[in-house]
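Chemist: Sharing start-v2.txt, compact mmCIF, C-alpha atoms:
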```txt
# COMPACT_ATOMS: atom_id res chain seq x y z
CA PRO A 1 36.22 25.55 22.88
CA ILE A 2 34.25 22.92 20.99
CA GLU A 3 32.87 21.40 24.18
CA ILE A 4 31.28 24.71 25.17
CA GLN A 5 29.82 25.22 21.69
CA VAL A 6 28.28 21.75 21.65
CA LYS A 7 26.91 22.14 25.18
CA ARG A 8 25.34 25.51 24.37
CA ILE A 9 23.61 24.20 21.25
CA LEU A 10 22.35 20.99 22.84
CA CYS A 11 21.12 22.75 26.00
CA SER A 12 19.22 25.20 23.81
CA THR A 13 17.76 22.40 21.69
CA LEU A 14 16.70 20.39 24.73
CA GLY A 15 15.46 23.38 26.72
CA VAL A 16 17.95 22.63 29.49
CA ASP A 17 19.72 25.27 31.61
CA LYS A 18 23.13 26.03 30.11
CA ASN A 19 24.80 25.52 33.49
CA TYR A 20 23.48 21.97 33.81
CA ASP A 21 26.14 19.27 33.42
CA ILE A 22 25.00 17.27 30.40
CA MET A 23 28.29 15.74 29.28
CA ASN A 24 27.64 12.36 30.94
CA LYS A 25 23.97 12.30 29.95
CA ASN A 26 22.29 10.77 26.92
CA PHE A 27 20.67 13.27 24.53
CA PHE A 28 17.44 11.28 24.31
CA ALA A 29 17.31 10.58 28.05
CA LEU A 30 17.24 14.36 28.51
CA GLY A 31 14.10 14.61 26.39
CA GLY A 32 15.55 14.57 22.87
CA THR A 33 13.19 13.56 20.06
CA SER A 34 13.53 12.43 16.45
CA ILE A 35 13.02 15.99 15.22
CA SER A 36 15.22 17.71 17.80
CA SER A 37 18.09 15.28 17.12
CA VAL A 38 18.18 16.20 13.43
CA ARG A 39 17.76 19.86 14.36
CA ALA A 40 20.75 19.66 16.73
CA ILE A 41 22.95 18.00 14.11
CA VAL A 42 22.23 20.72 11.58
CA ARG A 43 22.92 23.50 14.11
CA LEU A 44 26.27 21.87 14.95
CA ARG A 45 27.17 21.60 11.27
CA GLU A 46 26.25 25.24 10.71
CA LEU A 47 29.20 26.04 13.00
CA GLY A 48 31.47 23.83 10.90
CA LEU A 49 31.44 20.97 13.43
CA GLU A 50 31.44 17.73 11.45
CA LEU A 51 29.16 14.98 12.79
CA THR A 52 27.29 12.22 11.00
CA LEU A 53 23.66 11.41 11.67
CA GLU A 54 24.49 7.83 12.64
CA SER A 55 27.25 8.71 15.13
CA PHE A 56 24.95 11.20 16.88
CA LEU A 57 22.12 8.67 17.16
CA LYS A 58 24.43 5.96 18.52
CA ALA A 59 26.40 8.10 20.99
CA PRO A 60 25.83 6.87 24.59
CA THR A 61 26.49 10.31 26.04
CA ILE A 62 26.88 13.91 24.92
CA GLY A 63 30.53 13.61 25.91
CA ASP A 64 30.86 10.92 23.23
CA ILE A 65 29.33 13.31 20.71
CA VAL A 66 32.01 15.87 21.59
CA HIS A 67 34.67 13.17 21.23
CA ASP A 68 33.40 12.25 17.74
CA ILE A 69 33.43 15.91 16.67
CA LEU A 70 36.98 16.37 17.94
CA LYS A 71 38.10 13.21 16.17
CA ALA A 72 36.55 14.40 12.90
CA LYS A 73 38.20 17.80 13.30
CA THR A 74 41.60 16.19 13.92
CA MET A 75 41.23 14.04 10.81
CA ALA A 76 40.21 17.08 8.76
CA ASP A 77 43.25 19.01 10.00
CA VAL A 78 45.53 16.14 8.99
CA VAL A 79 43.94 15.90 5.54
CA ASN A 80 44.31 19.67 5.03
CA LEU A 81 47.94 19.50 6.12
CA PHE A 82 48.83 16.78 3.64
CA SER A 83 46.27 17.54 0.94
CA PRO A 84 48.89 18.58 -1.67
CA CYS A 85 50.38 15.10 -1.34
CA LEU A 86 47.11 13.20 -1.48
CA SER A 87 45.44 11.88 -4.60
CA PRO A 88 41.85 10.65 -4.94
CA LEU A 89 41.24 7.03 -4.11
CA PRO A 90 40.51 4.81 -7.13
CA THR A 91 36.85 3.99 -7.67
CA SER A 92 36.01 0.38 -8.33
CA THR A 93 33.96 -0.25 -11.45
CA GLY A 94 33.85 -4.01 -11.25
CA SER A 95 31.34 -4.47 -8.45
CA LYS A 96 28.22 -6.39 -9.38
CA ARG A 97 26.34 -5.48 -6.23
CA SER A 98 22.95 -3.84 -6.72
CA SER A 99 22.96 -0.04 -6.70
CA PHE A 100 20.22 -0.20 -4.06
CA PRO A 101 21.09 -1.26 -0.50
CA HIS A 102 19.78 -4.34 1.31
CA LEU A 103 17.88 -5.98 -1.58
CA ASP A 104 18.77 -7.02 -5.09
CA MET A 105 16.36 -6.31 -7.92
CA HIS A 106 14.47 -9.56 -7.25
CA GLY A 107 13.65 -8.62 -3.67
CA LYS A 108 16.26 -11.03 -2.30
CA GLU A 109 18.14 -9.92 0.79
CA LEU A 110 21.80 -9.16 0.26
CA GLU A 111 24.41 -10.12 2.81
CA SER A 112 26.24 -7.28 4.48
CA SER A 113 28.16 -6.83 7.67
CA GLU A 114 27.32 -4.39 10.45
CA ASP A 115 30.50 -2.50 9.54
CA GLU A 116 29.28 -2.08 5.97
CA GLU A 117 25.95 -0.82 7.20
CA ASP A 118 27.50 1.76 9.50
CA SER A 119 29.90 2.89 6.80
CA SER A 120 27.21 3.41 4.18
CA GLU A 121 25.00 5.35 6.58
CA ALA A 122 27.87 7.51 7.79
CA THR A 123 28.82 8.36 4.21
CA ALA A 124 25.27 9.37 3.35
CA ALA A 125 24.87 11.36 6.54
CA THR A 126 27.87 13.55 5.79
CA LYS A 127 25.96 14.91 2.79
CA PHE A 128 23.28 16.36 5.06
CA VAL A 129 22.97 20.01 4.08
CA LEU A 130 21.83 22.90 6.24
CA PRO A 131 18.07 23.50 6.22
CA ALA A 132 16.03 26.20 7.88
CA LEU A 133 14.39 24.03 10.49
CA HIS A 134 10.97 24.03 12.00
CA PRO A 135 11.06 23.66 15.80
CA ASP A 136 9.75 20.48 17.35
CA ILE A 137 6.00 20.08 17.32
CA PRO A 138 5.00 20.25 21.01
CA SER A 139 4.38 16.85 22.59
CA VAL A 140 1.04 18.20 23.77
CA VAL A 141 -1.05 20.01 21.15
CA VAL A 142 -4.49 21.07 22.32
CA ALA A 143 -6.91 19.62 19.78
CA ALA A 144 -9.44 22.06 18.37
CA SER A 145 -12.14 19.42 18.80
CA GLY A 146 -11.16 18.55 22.36
CA GLY A 147 -9.59 15.25 21.27
CA ARG A 148 -6.76 13.54 23.07
CA THR A 149 -3.28 15.02 22.96
CA GLY A 150 -0.15 13.48 21.49
CA ARG A 151 1.34 12.76 24.93
CA ARG A 152 -1.73 10.93 26.25
CA ALA A 153 -1.94 8.87 23.10
CA SER A 154 1.65 7.70 23.40
CA GLN A 155 1.75 6.86 27.10
CA ALA A 156 0.55 3.30 26.58
CA ILE A 157 3.24 2.52 23.98
CA ILE A 158 5.76 -0.14 25.02
CA PRO A 159 9.16 0.62 23.41
CA PHE A 160 11.26 -2.05 21.72
CA LYS A 161 14.05 -3.27 23.99
CA ARG A 162 16.72 -3.59 21.32
CA PRO A 163 17.71 -1.20 18.50
CA LEU A 164 17.10 -1.96 14.83
CA ARG A 165 19.79 -3.50 12.67
CA LEU A 166 19.12 -2.04 9.25
CA ASN A 167 20.94 -4.78 7.39
CA ASN A 168 18.51 -7.34 8.86
CA LEU A 169 15.42 -5.59 7.50
CA GLN A 170 13.44 -6.92 4.55
CA THR A 171 11.42 -4.87 2.06
CA LEU A 172 8.35 -6.79 0.92
CA PRO A 173 5.28 -6.01 -1.23
CA LEU A 174 2.17 -5.18 0.77
CA SER A 175 0.40 -8.22 -0.69
CA GLN A 176 2.71 -10.39 1.45
CA ALA A 177 1.84 -8.63 4.70
CA GLY A 178 -0.48 -11.43 5.84
CA ASP A 179 -2.65 -9.74 8.46
CA LYS A 180 -3.56 -6.37 6.94
CA THR A 181 -4.73 -5.04 10.32
CA VAL A 182 -1.10 -5.06 11.55
CA VAL A 183 -0.05 -2.76 8.70
CA GLN A 184 -3.14 -0.57 9.03
CA ASP A 185 -2.55 -0.28 12.78
CA ILE A 186 1.02 0.96 12.23
CA VAL A 187 -0.19 3.60 9.78
CA SER A 188 -3.06 4.75 11.99
CA LYS A 189 -0.90 5.00 15.12
CA SER A 190 1.93 6.75 13.28
CA PHE A 191 -0.37 9.50 12.03
CA THR A 192 -2.63 9.93 15.06
CA TYR A 193 0.37 10.00 17.44
CA LYS A 194 2.92 11.92 15.35
CA ASN A 195 1.25 13.95 12.60
CA PRO A 196 0.41 17.53 13.65
CA LEU A 197 -2.73 17.76 11.48
CA ASP A 198 -4.24 14.59 12.95
CA ILE A 199 -3.29 15.62 16.49
CA ALA A 200 -4.84 19.07 16.09
CA LEU A 201 -8.19 17.59 15.07
CA GLY A 202 -8.08 14.68 17.52
CA ILE A 203 -8.52 12.16 14.69
CA SER A 204 -8.93 8.61 15.93
CA ARG A 205 -7.10 5.49 14.80
CA GLN A 206 -10.45 3.98 13.85
CA SER A 207 -11.03 6.78 11.33
CA HIS A 208 -7.69 6.07 9.69
CA MET A 209 -8.43 2.35 9.63
CA GLN A 210 -11.80 3.04 7.99
CA MET A 211 -10.25 5.17 5.24
CA LEU A 212 -7.44 2.67 4.59
CA GLU A 213 -9.91 -0.19 4.33
CA SER A 214 -11.94 1.70 1.70
CA PHE A 215 -9.16 1.56 -0.89
CA TRP A 216 -7.12 -1.40 0.37
CA PRO A 217 -8.10 -3.80 -2.50
CA ARG A 218 -6.91 -1.24 -5.04
CA ILE A 219 -3.64 -0.71 -3.17
CA ILE A 220 -2.95 -4.44 -3.26
CA LYS A 221 -3.93 -4.66 -6.94
CA ASP A 222 -1.66 -1.77 -7.99
CA ASP A 223 1.28 -3.46 -6.21
CA LEU A 224 3.24 -0.27 -5.54
CA SER A 225 3.23 -0.32 -1.74
CA PHE A 226 5.57 -2.13 0.63
CA PHE A 227 6.35 -2.81 4.25
CA ILE A 228 9.57 -3.22 6.19
CA LYS A 229 9.93 -6.37 8.25
CA ASP A 230 12.35 -7.03 11.10
CA PRO A 231 12.99 -10.77 11.74
CA LYS A 232 12.27 -10.38 15.48
CA LYS A 233 10.05 -7.30 15.78
CA GLY A 234 7.84 -8.01 12.78
CA THR A 235 6.53 -5.14 10.64
CA VAL A 236 8.20 -1.86 11.63
CA GLY A 237 7.53 0.45 8.68
CA VAL A 238 5.06 0.96 5.83
CA ALA A 239 4.94 2.96 2.59
CA ILE A 240 1.58 3.15 0.81
CA ASN A 241 1.94 4.42 -2.75
CA THR A 242 -0.28 5.08 -5.75
CA ASN A 243 0.05 6.16 -9.36
CA PHE A 244 -0.28 9.95 -9.20
CA PHE A 245 -2.33 10.06 -12.41
CA ASP A 246 -4.52 7.08 -11.56
CA GLU A 247 -5.43 7.50 -7.90
CA PRO A 248 -7.85 5.07 -6.20
CA GLN A 249 -11.17 6.29 -4.82
CA MET A 250 -11.39 6.35 -1.02
CA SER A 251 -14.09 6.87 1.56
CA VAL A 252 -13.18 9.81 3.81
CA PRO A 253 -14.61 9.97 7.35
CA VAL A 254 -16.18 13.34 8.21
CA CYS A 255 -13.56 14.06 10.89
CA MET A 256 -10.78 13.73 8.27
CA GLU A 257 -12.33 15.89 5.55
CA ALA A 258 -10.26 18.98 6.41
CA VAL A 259 -7.02 16.96 6.34
CA VAL A 260 -7.86 15.44 2.96
CA GLU A 261 -8.99 18.79 1.54
CA ILE A 262 -5.80 20.67 2.45
CA HIS A 263 -3.79 17.89 0.79
CA SER A 264 -6.08 17.80 -2.27
CA GLN A 265 -5.81 21.53 -2.93
CA LEU A 266 -2.02 21.37 -2.83
CA GLU A 267 -2.00 18.28 -5.05
CA GLN A 268 -4.21 19.99 -7.63
CA SER A 269 -1.84 22.95 -7.82
CA VAL A 270 1.08 20.64 -8.61
CA ARG A 271 -0.70 18.13 -10.87
CA PRO A 272 -0.62 20.26 -14.09
CA VAL A 273 3.11 20.82 -13.69
CA LEU A 274 3.84 17.12 -13.40
CA GLN A 275 1.35 16.33 -16.16
CA ARG A 276 3.44 18.38 -18.59
CA GLU A 277 6.59 16.58 -17.51
CA GLU A 278 5.03 13.13 -17.67
CA GLN A 279 6.87 10.53 -19.72
CA HIS A 280 5.38 7.32 -21.04
CA LEU A 281 7.95 4.67 -20.28
CA SER A 282 8.04 1.23 -21.83
CA SER A 283 7.28 -1.57 -19.38
CA THR A 284 9.78 -4.23 -18.40
CA VAL A 285 8.47 -7.75 -18.74
CA GLY A 286 9.03 -9.87 -15.67
CA SER A 287 7.28 -11.93 -13.04
CA ASN A 288 8.88 -10.64 -9.86
CA TRP A 289 7.47 -7.79 -7.79
CA LEU A 290 10.12 -5.22 -8.72
CA ALA A 291 9.84 -5.84 -12.46
CA GLY A 292 6.11 -5.36 -13.01
CA PRO A 293 4.59 -2.83 -15.44
CA ALA A 294 2.56 -0.94 -12.82
CA GLY A 295 4.39 2.34 -13.29
CA ALA A 296 5.03 2.13 -17.01
CA LYS A 297 1.96 4.13 -18.12
CA ASN A 298 2.46 7.22 -15.99
CA GLY A 299 5.46 9.09 -14.73
CA TRP A 300 5.05 9.74 -10.99
CA MET A 301 4.59 7.53 -7.96
CA HIS A 302 2.61 9.20 -5.17
CA ASN A 303 3.71 8.33 -1.64
CA VAL A 304 0.46 8.74 0.30
CA PHE A 305 1.49 7.31 3.68
CA LEU A 306 4.93 6.66 5.13
CA ALA A 307 4.69 5.29 8.67
CA THR A 308 6.95 3.86 11.36
CA HIS A 309 6.15 1.67 14.36
CA ALA A 310 5.14 3.66 17.45
CA SER A 311 7.42 1.55 19.67
CA LEU A 312 10.64 2.69 17.99
CA SER A 313 13.08 4.83 19.97
CA PRO A 314 13.65 8.37 18.64
CA GLN A 315 17.04 7.21 17.30
CA ASP A 316 15.59 4.25 15.43
CA ASN A 317 12.67 6.32 14.21
CA VAL A 318 15.08 8.67 12.40
CA ARG A 319 17.09 5.75 11.01
CA LEU A 320 13.98 3.94 9.78
CA VAL A 321 12.48 7.06 8.20
CA VAL A 322 15.69 7.51 6.19
CA HIS A 323 15.67 3.79 5.31
CA LEU A 324 12.03 3.94 4.17
CA GLU A 325 12.72 6.99 2.00
CA ARG A 326 15.66 5.22 0.36
CA GLU A 327 13.57 2.12 -0.30
CA LEU A 328 10.74 4.26 -1.68
CA LEU A 329 13.06 5.73 -4.32
CA ARG A 330 14.47 2.29 -5.09
CA VAL A 331 11.02 0.76 -5.61
CA ALA A 332 9.82 3.72 -7.71
CA ASN A 333 12.87 3.39 -9.93
CA ALA A 334 12.38 -0.37 -10.33
CA LYS A 335 8.69 0.16 -11.13
CA MET A 336 9.68 2.43 -14.03
CA PHE A 337 8.43 5.73 -12.61
CA LYS A 338 10.06 9.00 -13.55
CA GLY A 339 10.00 10.15 -9.94
CA VAL A 340 8.20 10.35 -6.60
CA PHE A 341 5.64 12.91 -5.45
CA THR A 342 4.78 13.38 -1.78
CA ILE A 343 3.19 15.89 0.59
CA ASN A 344 4.60 16.21 4.11
CA SER A 345 3.27 17.98 7.18
CA ASN A 346 5.58 16.31 9.71
CA PRO A 347 8.78 18.39 10.17
CA LEU A 348 10.96 15.26 10.47
CA ASN A 349 9.84 13.92 7.09
CA GLN A 350 10.15 17.38 5.57
CA MET A 351 13.77 17.67 6.70
CA VAL A 352 14.70 14.16 5.59
CA CYS A 353 13.10 14.53 2.14
CA GLU A 354 14.16 18.06 1.27
CA HIS A 355 17.58 18.25 2.86
CA TYR A 356 18.75 14.64 2.94
CA MET A 357 17.09 12.77 0.06
CA GLY A 358 17.28 15.63 -2.44
CA TYR A 359 13.58 16.35 -2.99
CA SER A 360 12.53 19.66 -4.59
CA ARG A 361 9.67 21.84 -3.37
CA GLN A 362 6.74 22.21 -5.75
CA GLY A 363 4.43 24.19 -3.48
CA SER A 364 3.38 24.74 0.12
CA THR A 365 0.43 25.77 2.28
CA LYS A 366 0.54 27.58 5.62
CA VAL A 367 -1.38 25.12 7.77
CA SER A 368 -2.71 27.47 10.47
CA SER A 369 -4.21 29.81 7.84
CA PHE A 370 -6.05 27.11 5.88
CA ILE A 371 -9.81 27.71 5.72
CA TYR A 372 -12.32 24.88 5.39
CA LYS A 373 -16.07 25.53 5.59
CA ASP A 374 -15.46 29.07 6.87
CA LYS A 375 -13.26 27.85 9.73
CA LYS A 376 -9.56 27.45 10.41
CA PRO A 377 -9.34 23.82 11.60
CA PHE A 378 -5.57 23.94 12.22
CA GLN A 379 -5.27 27.34 13.90
CA THR A 380 -3.84 25.72 17.09
CA LEU A 381 -0.73 24.67 15.18
CA PRO A 382 2.47 26.81 14.91
CA ASP A 383 2.17 29.72 12.49
CA ASP A 384 5.26 28.63 10.56
CA LEU A 385 4.20 25.00 10.06
CA LEU A 386 3.90 24.29 6.33
CA LEU A 387 2.33 21.50 4.34
CA ILE A 388 4.95 20.95 1.62
CA ALA A 389 4.56 19.26 -1.77
CA MET A 390 7.83 17.72 -2.99
CA THR A 391 9.14 15.72 -5.93
CA LYS A 392 12.23 13.65 -6.46
CA GLU A 393 13.15 12.90 -10.06
CA LEU A 394 14.94 9.60 -10.55
```
What does the file become when written as structure tokens?
Modeler:
Amino acid sequence: PIEIQVKRILCSTLGVDKNYDIMNKNFFALGGTSISSVRAIVRLRELGLELTLESFLKAPTIGDIVHDILKAKTMADVVNLFSPCLSPLPTSTGSKRSSFPHLDMHGKELESSEDEEDSSEATAATKFVLPALHPDIPSVVVAASGGRTGRRASQAIIPFKRPLRLNNLQTLPLSQAGDKTVVQDIVSKSFTYKNPLDIALGISRQSHMQMLESFWPRIIKDDLSFFIKDPKKGTVGVAINTNFFDEPQMSVPVCMEAVVEIHSQLEQSVRPVLQREEQHLSSTVGSNWLAGPAGAKNGWMHNVFLATHASLSPQDNVRLVVHLERELLRVANAKMFKGVFTINSNPLNQMVCEHYMGYSRQGSTKVSSFIYKDKKPFQTLPDDLLLIAMTKEL
């Protein structure tokens, strides 16, 4: 029975005894995380059990998840029964709405209902393919340098009381962020609390803030980066981007040298490949943020940092990561780039990019085996954790 299959998979994912009654419990209340939620969805879909990302994240209980799966199966059975009599629905070609959600090409917020939001996310989520997943990074990773663990760092975080409404979010250029320390704080917390490389070395938020400050004027000047603003919660997400063939110089704290070096080596292995594919695109003349010529000279935008607010629930963290990735591609396209290049070490971002947003792998490095100054700085991390370079051609 489907109920038994779902229970077995979710108990395994959560590390809960299979005899424990979980049907009236919430997945995240039982210890589910952003990564384990996506992992569970994929394992369910591997068994042919249809479930969208959004319906899983919004389900009050695991029993509701089972109900949604059964409902989808019933609908599929009906469609299969009558499929010879069904014809494809007509596709409208007269809509003038922007091809990118939430904002038009002038950065102006589009009106949409909550139903439209849910529908668009559900449609996209059904395209989620079946990746080979990395298990959750442990909530406590013993730092090689004796630094604080991920769990201790996150204990002081106060979660938001209400969930995000994606159709209320605004995407704005980083130059309009006002207080830059708010944006820098989100980036520093996101990486020191969530990124396995930073956790392993016990890197401090102050070190991240120092490095960000060293190239902040150039980031603002290049005008490729943006932040996501909620009308009530303020800034909830950030994407810091550069031109891959015209990177700014930055000052790297000593404690972060190994992190920067492992990224740099992987970047250098990919750079010649993208250099050959580079296209010189003509710039579009315009005065608004999304019509500038910043990306016209070179072909690839480099997403250096993609960060979410530490106070988001696991459900909203997944939803916002997907939203940020969509906005990143939209901005890169509007800025006249050929595509986006990024390097991910966080398993959640790896899964979203490679198996949800359609990125292609260009190279990878086994993190625990990386040698820097005759040492293995990341040897405490799982042996199968990879640093993955990816591109998405637009």
Chemist: Which protein, DNA or RNA residues have an atom at most 10 Å from (11.8, 8.7, 28.1), counting all atoms listed in the file? List them as a PDB file with C-alpha atoms, keeping the file's coordinate frame.
Modeler:
```pdb
ATOM      1  CA  PHE A  28      17.440  11.280  24.310  1.00  0.00           C
ATOM      2  CA  ALA A  29      17.310  10.580  28.050  1.00  0.00           C
ATOM      3  CA  LEU A  30      17.240  14.360  28.510  1.00  0.00           C
ATOM      4  CA  GLY A  31      14.100  14.610  26.390  1.00  0.00           C
ATOM      5  CA  GLY A  32      15.550  14.570  22.870  1.00  0.00           C
ATOM      6  CA  THR A  33      13.190  13.560  20.060  1.00  0.00           C
ATOM      7  CA  PRO A 159       9.160   0.620  23.410  1.00  0.00           C
ATOM      8  CA  SER A 313      13.080   4.830  19.970  1.00  0.00           C
ATOM      9  CA  PRO A 314      13.650   8.370  18.640  1.00  0.00           C
TER      10      PRO A 314
END
```
Chemist: Compile the contact shell of segment 335-342 of chain A as a ChimeraX atom specification: residues with an atom at most 6 Å away, counting only C-alpha atoms, same-chain residues fewer than 5 positions apart removed.
Modeler: /A:295-296,299-303,389-394
Chemist: Let me make sure I understand: among A:Ala334, A:Val318, A:Met357, A:Ala239, which one has the smallest atom-to-atom distance to Leu53 of chain A if we use only C-alpha atoms?
Modeler: A:Val318
Chemist: Counting only C-alpha atoms, write as a PyMOL selection string all protein and nucleic acid residues lying at most 7 Å from (25.7, 9.5, 26.7) in the file's frame.
Modeler: chain A and resi 24-27+59-64
Chemist: Please compute the atom CA of Ser369 of chain A-atom CA of Ile199 of chain A distance, one decimal, in Å.
Modeler: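 Spanning atom CA of Ser369 of chain A to atom CA of Ile199 of chain A is a straight-line distance of 16.6 Å.
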Chemist: Extract, using all atoms listed in the file, all DNA, RNA and protein residues at most 6 Å from segment 173-186 of chain A, discarding same-chain residues fewer than 2 positions from it, and format them as JSON, numbers by chain.
Modeler: {"A": [188, 189, 190, 220, 225, 226, 227, 309]}
Chemist: Name the closest residue to Phe378 of chain A among the candidates A:Leu197, A:Val254, A:Ala310, A:Leu44; distances are taken between atoms, counting all atoms listed in the file.
Modeler: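 Checking each of A:Leu197, A:Val254, A:Ala310, A:Leu44 against Phe378 of chain A, counting all atoms listed in the file, the winner is A:Leu197.
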Chemist: Which neighbours of Gln315 of chain A fall inside 10 Å, counting only C-alpha atoms, when residues of the same chain fewer than 2 positions from it are skipped, and could you give them as a list in words?
Modeler: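 Those residues are Phe28, Gly32, Thr33, Ser34, Ile35, Ser37, Val38, Leu53, Glu54, Phe56, Leu57, Lys58, Pro163, Leu164, Leu312, Ser313, Asn317, Val318, Arg319 and Leu320 of chain A.
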Chemist: I want to know what sits within 6 Å of Ile69 of chain A, based on all atoms listed in the file, with residues of the same chain fewer than 2 positions away left out; could you give that as an NGL selection string?
Modeler: :A and (50-51 or 66-67 or 71-72)
Chemist: Considering all atoms listed in the file, state which residue in the set A:Gly48, A:Leu212, A:Val260, A:Arg39 is at the smallest distance from Gln5 of chain A.
Modeler: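 Among A:Gly48, A:Leu212, A:Val260, A:Arg39, it is A:Gly48 that comes nearest to Gln5 of chain A.
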Chemist: What separation in Å, quoted to one decimal, exists between atom CA of Pro196 of chain A and atom CA of Lys373 of chain A?
Modeler: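 Rounded to one decimal, the two atoms are 20.0 Å apart.
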Chemist: How many Å lie between atom CA of Cys353 of chain A and atom CA of Arg330 of chain A, rounded to one decimal?
Modeler: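 These atoms are spaced 14.3 Å apart.
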Chemist: Check the smallest atom-to-atom distance from each of A:Met23, A:Ala332, A:Ile388, A:Ala40 to Gln265 of chain A using only C-alpha atoms, then report the winner.
Modeler: A:Ile388
Chemist: Of the residues A:Ile158, A:Leu169, A:Val270, A:Met211, which is the one nearest to Cys255 of chain A, using only C-alpha atoms?
Modeler: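 Residue with the minimum atom-to-atom distance to Cys255 of chain A: A:Met211.
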Chemist: Pick out the closest residue to Phe160 of chain A from this set: A:Ser311, A:Gln275, A:Thr380, A:Ser12. Count all atoms listed in the file.
Modeler: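 The answer is A:Ser311, which sits nearest to Phe160 of chain A.
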Chemist: Listed atoms of segment 40-54 of chain A, axis-aligned box, 5 Å per side: centre and edge lengths to one decimal in Å, as JSON?
Modeler:
```
{"center_x": 26.1, "center_y": 16.9, "center_z": 13.7, "size_x": 20.7, "size_y": 28.2, "size_z": 16.0}
```
